[in-house]
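Heads up, structure.cif below (mmCIF, C-alpha atoms):
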data_entry
#
loop_
_atom_site.label_atom_id
_atom_site.label_comp_id
_atom_site.auth_asym_id
_atom_site.auth_seq_id
_atom_site.Cartn_x
_atom_site.Cartn_y
_atom_site.Cartn_z
CA MET A 554 -3.55 26.88 40.23
CA PRO A 555 -1.06 28.10 42.75
CA GLY A 556 0.85 31.13 41.51
CA LEU A 557 -1.14 31.42 38.27
CA GLU A 558 -3.41 34.31 37.43
CA MET A 559 -5.00 32.43 34.56
CA VAL A 560 -4.76 28.98 33.08
CA SER A 561 -5.77 28.05 29.58
CA PHE A 562 -7.08 24.81 28.13
CA PRO A 563 -8.16 25.87 24.65
CA PRO A 564 -10.61 27.22 23.85
CA PHE A 565 -11.22 27.96 27.55
CA HIS A 566 -9.53 30.23 30.10
CA LEU A 567 -9.99 29.93 33.85
CA ASP A 568 -8.82 32.72 36.13
CA ARG A 569 -8.30 33.02 39.87
CA SER A 570 -11.42 35.11 40.32
CA GLY A 571 -13.51 32.22 39.13
CA GLN A 572 -14.34 33.19 35.60
CA LEU A 573 -14.48 30.51 32.97
CA ARG A 574 -14.33 32.01 29.50
CA CYS A 575 -14.57 30.64 26.01
CA GLY A 576 -13.16 33.47 23.91
CA GLU A 577 -15.07 36.58 25.00
CA GLU A 578 -18.03 34.59 26.35
CA GLU A 579 -18.20 33.94 30.08
CA ARG A 580 -19.54 30.55 31.14
CA PHE A 581 -21.31 30.96 34.45
CA LEU A 582 -20.84 28.18 36.99
CA ARG A 583 -22.29 27.72 40.43
CA PRO A 584 -19.69 28.22 43.20
CA LYS A 585 -19.44 24.52 44.12
CA THR A 586 -19.18 23.51 40.46
CA LEU A 587 -16.39 26.05 40.06
CA ALA A 588 -14.67 24.65 43.17
CA VAL A 589 -14.73 21.18 41.62
CA LEU A 590 -13.26 22.55 38.37
CA HIS A 591 -10.51 24.43 40.24
CA HIS A 592 -9.58 21.29 42.15
CA LEU A 593 -9.49 19.15 39.02
CA VAL A 594 -7.42 21.74 37.14
CA THR A 595 -5.03 22.08 40.08
CA HIS A 596 -4.51 18.32 39.96
CA ALA A 597 -4.55 17.99 36.16
CA GLY A 598 -3.45 14.62 34.85
CA GLN A 599 -3.99 12.96 38.22
CA MET A 600 -6.94 10.83 39.26
CA VAL A 601 -8.82 12.76 41.94
CA SER A 602 -11.00 10.58 44.12
CA LYS A 603 -14.64 11.37 44.70
CA ASP A 604 -13.94 11.75 48.42
CA GLU A 605 -11.16 14.27 47.75
CA LEU A 606 -13.43 16.33 45.49
CA LEU A 607 -16.24 16.23 48.04
CA THR A 608 -13.84 17.39 50.76
CA ALA A 609 -12.43 20.15 48.55
CA ALA A 610 -15.79 21.56 47.47
CA TRP A 611 -17.82 20.83 50.62
CA PRO A 612 -15.41 21.07 53.55
CA GLU A 613 -16.91 20.15 56.92
CA VAL A 614 -20.25 19.21 55.30
CA THR A 615 -21.52 15.72 54.63
CA VAL A 616 -23.06 15.40 51.17
CA SER A 617 -23.72 12.45 48.90
CA GLU A 618 -21.84 11.64 45.71
CA ALA A 619 -24.95 12.71 43.80
CA VAL A 620 -24.04 16.39 44.23
CA LEU A 621 -20.63 15.69 42.74
CA VAL A 622 -22.22 13.95 39.77
CA VAL A 623 -24.43 17.00 39.22
CA CYS A 624 -21.40 19.34 39.35
CA VAL A 625 -19.39 17.22 36.91
CA ASN A 626 -22.38 17.12 34.55
CA GLU A 627 -22.66 20.93 34.76
CA LEU A 628 -18.94 21.22 33.98
CA ARG A 629 -19.24 18.90 31.02
CA GLN A 630 -22.17 20.92 29.73
CA ALA A 631 -20.27 24.22 30.14
CA LEU A 632 -17.19 22.77 28.44
CA GLY A 633 -19.13 20.92 25.75
CA ASP A 634 -17.45 17.70 26.88
CA ASP A 635 -18.74 14.21 26.09
CA PRO A 636 -18.20 11.67 28.90
CA ARG A 637 -17.85 8.86 26.32
CA GLN A 638 -15.13 10.72 24.40
CA PRO A 639 -13.81 13.27 26.89
CA HIS A 640 -11.50 16.12 26.01
CA PHE A 641 -11.46 17.74 29.46
CA ILE A 642 -12.85 15.55 32.26
CA GLU A 643 -12.38 11.81 32.24
CA THR A 644 -14.34 9.53 34.56
CA VAL A 645 -12.25 6.94 36.41
CA HIS A 646 -15.00 4.36 36.90
CA ARG A 647 -16.17 4.17 40.55
CA ARG A 648 -13.08 6.01 41.77
CA GLY A 649 -13.10 9.63 40.66
CA TYR A 650 -12.25 12.00 37.84
CA ARG A 651 -9.20 13.22 35.94
CA PHE A 652 -8.69 16.53 34.14
CA ILE A 653 -7.04 15.44 30.89
CA ALA A 654 -6.72 18.61 28.82
CA SER A 655 -3.32 20.24 28.35
CA LEU A 656 -2.92 23.33 30.50
CA THR A 657 -0.90 26.43 29.82
CA ALA A 658 -0.40 29.51 31.94
CA ALA A 659 -1.96 32.48 30.23
CA ALA A 660 -1.78 36.20 30.73
CA PRO A 661 -5.09 37.82 31.62
CA PRO A 662 -6.76 39.59 28.71
CA VAL A 663 -5.77 43.23 28.52
CA GLN A 664 -8.42 45.86 27.99
CA SER A 665 -7.52 48.92 26.03
CA PRO A 666 -7.60 52.20 27.97
CA GLU A 667 -10.43 53.36 25.74
CA SER A 668 -12.64 50.42 26.69
CA LYS A 669 -12.02 51.05 30.40
CA VAL A 670 -13.02 54.70 30.07
CA GLN A 671 -15.94 54.29 27.70
CA SER A 672 -17.80 51.49 29.48
CA PRO A 673 -18.30 53.36 32.78
CA LYS A 674 -19.07 56.58 30.90
CA ILE A 675 -21.91 54.94 29.00
CA SER A 676 -23.38 53.30 32.10
CA LEU A 677 -23.03 56.43 34.27
CA VAL A 678 -24.65 58.67 31.71
CA SER A 679 -27.58 56.28 31.40
CA ILE A 680 -28.00 56.09 35.19
CA VAL A 681 -27.27 59.67 36.33
CA VAL A 682 -29.54 62.31 34.84
CA GLY A 683 -28.81 66.03 35.08
CA ARG A 684 -25.19 65.66 36.23
CA GLU A 685 -23.46 65.71 32.85
CA ALA A 686 -21.08 68.53 33.85
CA ASP A 687 -20.01 66.66 37.00
CA LEU A 688 -19.49 63.46 35.02
CA ALA A 689 -17.43 65.29 32.41
CA GLN A 690 -15.25 66.78 35.15
CA LEU A 691 -14.75 63.37 36.81
CA GLN A 692 -13.76 61.77 33.52
CA GLN A 693 -11.13 64.45 32.86
#
Step by step, read the file and then write its structure as structure tokens.
Amino acid sequence: MPGLEMVSFPPFHLDRSGQLRCGEEERFLRPKTLAVLHHLVTHAGQMVSKDELLTAAWPEVTVSEAVLVVCVNELRQALGDDPRQPHFIETVHRRGYRFIASLTAAAPPVQSPESKVQSPKISLVSIVVGREADLAQLQQ
């Protein structure tokens, strides 16, 4: 995803920081699973060999293809994808995988100023006791 802050493949959004979202819901992925997804998305439409994915996600480490299979299965579960009728990740039998969904660049979701101010206020008030005056002054 060079140069993109966020990429969208409806109903999902994937950003540079490694968040996969479906609407407002974040889908948590292990770091290596996320690395596999990033590599597939970066090479969308192209067949990516198993060796290339292993090198991309596990540089300078020797691992078996079994870890890749586990990561792809985790991705399919997170995306709700069926390997028999894929919408996102297609298996190229014995060779690799292909990201087949249409991608669009998307702007990151914008939070309203009120939501940025209110969220910390609520959490700070619940954590800090007896410092209400200081908190009020900081928020002004």
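Distance check against His566 in chain A using all atoms listed in the file: of A:Ser655, A:Ala588, A:His596, A:Thr644, the minimum falls on A:Ser655.
Taking CA of Phe581 in chain A as the reference point, CA of Ala619 in chain A is found at 20.8 Å.
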Counting all atoms listed in the file, which of A:Val616, A:Ala654, A:Glu605, A:Arg569 gets nearest to Leu632 in chain A? A:Ala654
Choose the residue, out of A:Gln630, A:Thr608, A:Thr595, A:Ser617, that has the smallest atom-to-atom separation from Arg580 in chain A; count all atoms listed in the file. A:Gln630
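Across the structure, CA of Cys624 in chain A and CA of His640 in chain A are spaced 16.9 Å apart.
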Name the residues that the PyMOL selection byres ((chain A and resi 578) around 12) pulls out of this structure, and write them as a list in words. Pro564, Phe565, His566, Leu567, Gln572, Leu573, Arg574, Cys575, Gly576, Glu577, Glu579, Arg580, Phe581 and Ala631 of chain A
Nearest to Arg583 in chain A, chosen from A:Glu618, A:Pro612, A:Ala597, A:Val625, with only C-alpha atoms counted in the distances: A:Val625
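Here CA of Val589 in chain A and CA of Ile653 in chain A stand 14.4 Å from one another.
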